[in-house]
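Novice: Before I ask anything, here is the structure I am working with.
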Amino acid sequence: MAVSPAVSMIPDGVSTTAFDGSRVRVVLMLDIHDGTQQEFLDAYEHMCEQVAAVPGHISDQLCQSLENPTQWLITSEWESAPPFLAWVNSEDHLEMVKPLQGCVRDTRSMRYTVLRETFGRKHKSRAAARERLRSAPRVGGNTVRQALTFTVKPGSESKVAEILSGYASPEARVDETTRLLRTSLFMHGNRVVRAVEVQGELQAALRHVARQPEVRAVEEALDPYLEQERDLRDPQSARLFFTRAAVPAVHHVESGRREGPDVQRCAFYYPARPGSGQALALLLSQQDVNATGDPAGPVLACTVFHRDDLVVRLVDMEGEPEDAPGAALALRTSAVIAEAGRMLDAGALGIDETLADDRMLPRLLTHARMKHVTDRRASAS
């Protein structure tokens, strides 16, 4: 089935997507230790050829501040968001940038889609380059979404759920421009998914949360139950854990309708067949645009998180998912069900047959629905 970019056409809705085909500009601001300038430059030059070979990478620029020799800037351009997200959340990326880490005191990463470009009049490729630019900006609030996932030792699920549901919420206010809005925790078997919504700057919020005593206590309590060991007191171990755990939000759409008293947040787990994760995430994102655009439908908002062959959807909907399994799962037509069935690893969900038609939707709903652990909103968010 042919697919097209999942861009919302809902007049009052909001859509943020990684699937619109736009080029991506990444801006990495670095503050390095004084005296390590040459070491940093040598490490960067050693890394350049490796980065150039990454699929989807177009170019890099390294810049040094005119005023402050310890402040540097790396800008990179990518063909689109999916290849960049796949690389930046990979262990290959972590290994590639390791030589820089001894020089760097602090970093801040910002990601943008390219909307407009201005070229000199003699630049021959400006017309072709403009063809790939978006015609209009995205519309949306100052909210950033991200998920983390990890697995725990089989048999420890109930204890882990107890730990994750019993802690005190951290202070919501981070600084003048950033605050925590919502944290939603779900489990599917021994897999934990923690989705966060932040108003403002995501990295500042994550650093703020990591410093809170109640959160540190929870993370320490979890350590004995994790399948992959970690030591969050060790910067390298922590960086490896969060790189492995990161699941970016690749699409978010809202209907623009007000929430009623019977709206609930559900989460669904979609393990994909090898190599099919991105296509499955795109298919579900397109269906979510249709679902939130139906004024009589139960779906108010959806977020699709994707990494490798893992796809997770958060759905805010009116009523029970069992009353509208097609809308809840983003599988509302026979063609979409059949297409998803070719990409979904049903066996990983404990289903011994391929998803083929709507008769299987109730069963898929039962197997894909994640267990609710906790859903916390900051006051007045």
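Scheme for the structure tokens: letters A, B, ... for chains in order shown; per-chain residue numbers from 1; ligand numbers from 1 in order shown.
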List every residue of segment 55-300 of chain A that DSSP, applied to the backbone, labels as helix (DSSP H, G or I), and write the result as a ChimeraX atom specification.
Specialist: /A:81-88,91-96,98-101,126-130,157-165,202-211,213-225,235-245,277-292
Novice: Show me, as a list of chain:residue names, the residues that have an atom within 6 Å of segment 105-110 of chain A when counting only C-alpha atoms, minus same-chain residues fewer than 2 positions from it.
Specialist: A:Val26, A:Val27, A:Leu28, A:Met29, A:Leu30, A:Asp31, A:Ile32, A:His33
Novice: Tell me, which residues of segment 130-184 of chain A carry DSSP strand (DSSP E or B), written as a PyMOL selection string?
Specialist: chain A and resi 143-152+173+179-184
Novice: Selection from above, N, CA, C and O atoms, as a PDB file, in the first residue's frame, can you write it?
Specialist:
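Saved the output as part.pdb:
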ATOM      1  N   THR A 143       5.193  21.941  23.687  1.00  0.00           N
ATOM      2  CA  THR A 143       5.262  20.670  24.405  1.00  0.00           C
ATOM      3  C   THR A 143       6.169  19.702  23.655  1.00  0.00           C
ATOM      4  O   THR A 143       6.017  19.518  22.447  1.00  0.00           O
ATOM      5  N   VAL A 144       7.093  19.081  24.377  1.00  0.00           N
ATOM      6  CA  VAL A 144       8.015  18.101  23.815  1.00  0.00           C
ATOM      7  C   VAL A 144       7.706  16.746  24.447  1.00  0.00           C
ATOM      8  O   VAL A 144       7.447  16.660  25.651  1.00  0.00           O
ATOM      9  N   ARG A 145       7.728  15.700  23.638  1.00  0.00           N
ATOM     10  CA  ARG A 145       7.401  14.348  24.107  1.00  0.00           C
ATOM     11  C   ARG A 145       8.566  13.408  23.859  1.00  0.00           C
ATOM     12  O   ARG A 145       9.217  13.484  22.827  1.00  0.00           O
ATOM     13  N   GLN A 146       8.774  12.498  24.800  1.00  0.00           N
ATOM     14  CA  GLN A 146       9.848  11.513  24.693  1.00  0.00           C
ATOM     15  C   GLN A 146       9.462  10.303  25.532  1.00  0.00           C
ATOM     16  O   GLN A 146       8.711  10.432  26.506  1.00  0.00           O
ATOM     17  N   ALA A 147       9.937   9.148  25.156  1.00  0.00           N
ATOM     18  CA  ALA A 147       9.700   7.933  25.940  1.00  0.00           C
ATOM     19  C   ALA A 147      11.008   7.234  26.214  1.00  0.00           C
ATOM     20  O   ALA A 147      11.979   7.352  25.453  1.00  0.00           O
ATOM     21  N   LEU A 148      11.036   6.499  27.301  1.00  0.00           N
ATOM     22  CA  LEU A 148      12.149   5.632  27.656  1.00  0.00           C
ATOM     23  C   LEU A 148      11.599   4.232  27.861  1.00  0.00           C
ATOM     24  O   LEU A 148      10.509   4.064  28.409  1.00  0.00           O
ATOM     25  N   THR A 149      12.329   3.226  27.432  1.00  0.00           N
ATOM     26  CA  THR A 149      11.888   1.859  27.638  1.00  0.00           C
ATOM     27  C   THR A 149      13.055   0.990  28.097  1.00  0.00           C
ATOM     28  O   THR A 149      14.204   1.225  27.711  1.00  0.00           O
ATOM     29  N   PHE A 150      12.746   0.031  28.934  1.00  0.00           N
ATOM     30  CA  PHE A 150      13.739  -0.935  29.391  1.00  0.00           C
ATOM     31  C   PHE A 150      12.991  -2.184  29.844  1.00  0.00           C
ATOM     32  O   PHE A 150      11.767  -2.160  30.041  1.00  0.00           O
ATOM     33  N   THR A 151      13.717  -3.268  29.993  1.00  0.00           N
ATOM     34  CA  THR A 151      13.103  -4.517  30.424  1.00  0.00           C
ATOM     35  C   THR A 151      13.621  -4.900  31.805  1.00  0.00           C
ATOM     36  O   THR A 151      14.746  -4.566  32.182  1.00  0.00           O
ATOM     37  N   VAL A 152      12.762  -5.591  32.551  1.00  0.00           N
ATOM     38  CA  VAL A 152      13.115  -6.042  33.892  1.00  0.00           C
ATOM     39  C   VAL A 152      13.134  -7.566  33.913  1.00  0.00           C
ATOM     40  O   VAL A 152      12.625  -8.223  33.002  1.00  0.00           O
ATOM     41  N   ARG A 173       8.158  22.511  38.264  1.00  0.00           N
ATOM     42  CA  ARG A 173       8.818  23.681  37.690  1.00  0.00           C
ATOM     43  C   ARG A 173      10.320  23.437  37.596  1.00  0.00           C
ATOM     44  O   ARG A 173      10.972  23.124  38.583  1.00  0.00           O
ATOM     45  N   ARG A 179       8.827  23.289  32.360  1.00  0.00           N
ATOM     46  CA  ARG A 179       8.181  22.583  33.465  1.00  0.00           C
ATOM     47  C   ARG A 179       7.717  21.211  32.979  1.00  0.00           C
ATOM     48  O   ARG A 179       7.456  20.995  31.784  1.00  0.00           O
ATOM     49  N   LEU A 180       7.629  20.285  33.918  1.00  0.00           N
ATOM     50  CA  LEU A 180       7.102  18.955  33.638  1.00  0.00           C
ATOM     51  C   LEU A 180       5.582  19.032  33.548  1.00  0.00           C
ATOM     52  O   LEU A 180       4.937  19.650  34.392  1.00  0.00           O
ATOM     53  N   LEU A 181       5.012  18.416  32.520  1.00  0.00           N
ATOM     54  CA  LEU A 181       3.567  18.428  32.361  1.00  0.00           C
ATOM     55  C   LEU A 181       2.925  17.105  32.748  1.00  0.00           C
ATOM     56  O   LEU A 181       1.916  17.076  33.456  1.00  0.00           O
ATOM     57  N   ARG A 182       3.512  15.993  32.271  1.00  0.00           N
ATOM     58  CA  ARG A 182       2.833  14.712  32.475  1.00  0.00           C
ATOM     59  C   ARG A 182       3.839  13.570  32.334  1.00  0.00           C
ATOM     60  O   ARG A 182       4.741  13.627  31.490  1.00  0.00           O
ATOM     61  N   THR A 183       3.682  12.565  33.153  1.00  0.00           N
ATOM     62  CA  THR A 183       4.477  11.332  33.043  1.00  0.00           C
ATOM     63  C   THR A 183       3.518  10.153  33.065  1.00  0.00           C
ATOM     64  O   THR A 183       2.728  10.009  33.999  1.00  0.00           O
ATOM     65  N   SER A 184       3.576   9.325  32.025  1.00  0.00           N
ATOM     66  CA  SER A 184       2.695   8.159  31.907  1.00  0.00           C
ATOM     67  C   SER A 184       3.562   6.904  31.877  1.00  0.00           C
ATOM     68  O   SER A 184       4.487   6.807  31.065  1.00  0.00           O
TER      69      SER A 184
END
Novice: Just want the 12 Å neighbourhood of Asp231 of chain A, counted on only C-alpha atoms, with same-chain residues fewer than 3 positions away dropped. Output as a PyMOL selection string.
Specialist: chain A and resi 216+219-220+222-224+226+228+234-242
Novice: Would you list the contacts of segment 366-369 of chain A as JSON, numbers by chain, taking every protein, DNA or RNA residue within 12 Å and counting only C-alpha atoms, but skipping same-chain residues closer than 6 positions in sequence?
Specialist: {"A": [186, 187, 188, 189, 265, 266, 267, 268, 269, 270, 271, 272, 311, 312, 313, 314, 315, 320, 321, 322, 325, 328, 329, 344, 345, 346, 347, 348, 349, 350, 351, 352, 360]}
Novice: Leaving out Ala18 of chain A and any residue of its chain fewer than 3 positions from it, which residues lie within 12 Å of it when counting only C-alpha atoms, given as an MDAnalysis selection string?
Specialist: chainID A and resid 5:7 15 21:24 79:86 111:113 138 248:253 278 281:282 285:286 303:306
Novice: Excluding Gly297 of chain A and any residue of its chain fewer than 5 positions from it, enumerate the residues within 8 Å of it, using only C-alpha atoms, and give them as a list in words.
Specialist: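 Within the cut-off, the hits are Ala291, Thr292 and Ala327 of chain A.
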Novice: Emit the selected residues as a tab-separated table (two decimals), in the first residue's frame, including all heavy atoms.
Specialist:
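Generated file (out_37.tsv):
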chain	number	residue	atom	x	y	z
A	291	ALA	N	-8.32	9.31	12.55
A	291	ALA	CA	-9.13	9.06	13.74
A	291	ALA	C	-9.42	10.34	14.51
A	291	ALA	O	-10.56	10.57	14.94
A	291	ALA	CB	-8.42	8.05	14.64
A	292	THR	N	-8.41	11.19	14.69
A	292	THR	CA	-8.64	12.43	15.43
A	292	THR	C	-9.44	13.43	14.60
A	292	THR	O	-10.03	14.37	15.15
A	292	THR	CB	-7.31	13.07	15.85
A	292	THR	OG1	-6.45	13.18	14.71
A	292	THR	CG2	-6.62	12.24	16.92
A	327	ALA	N	-10.54	1.91	16.25
A	327	ALA	CA	-10.05	3.26	16.51
A	327	ALA	C	-8.94	3.24	17.55
A	327	ALA	O	-7.94	3.96	17.43
A	327	ALA	CB	-11.20	4.15	16.98
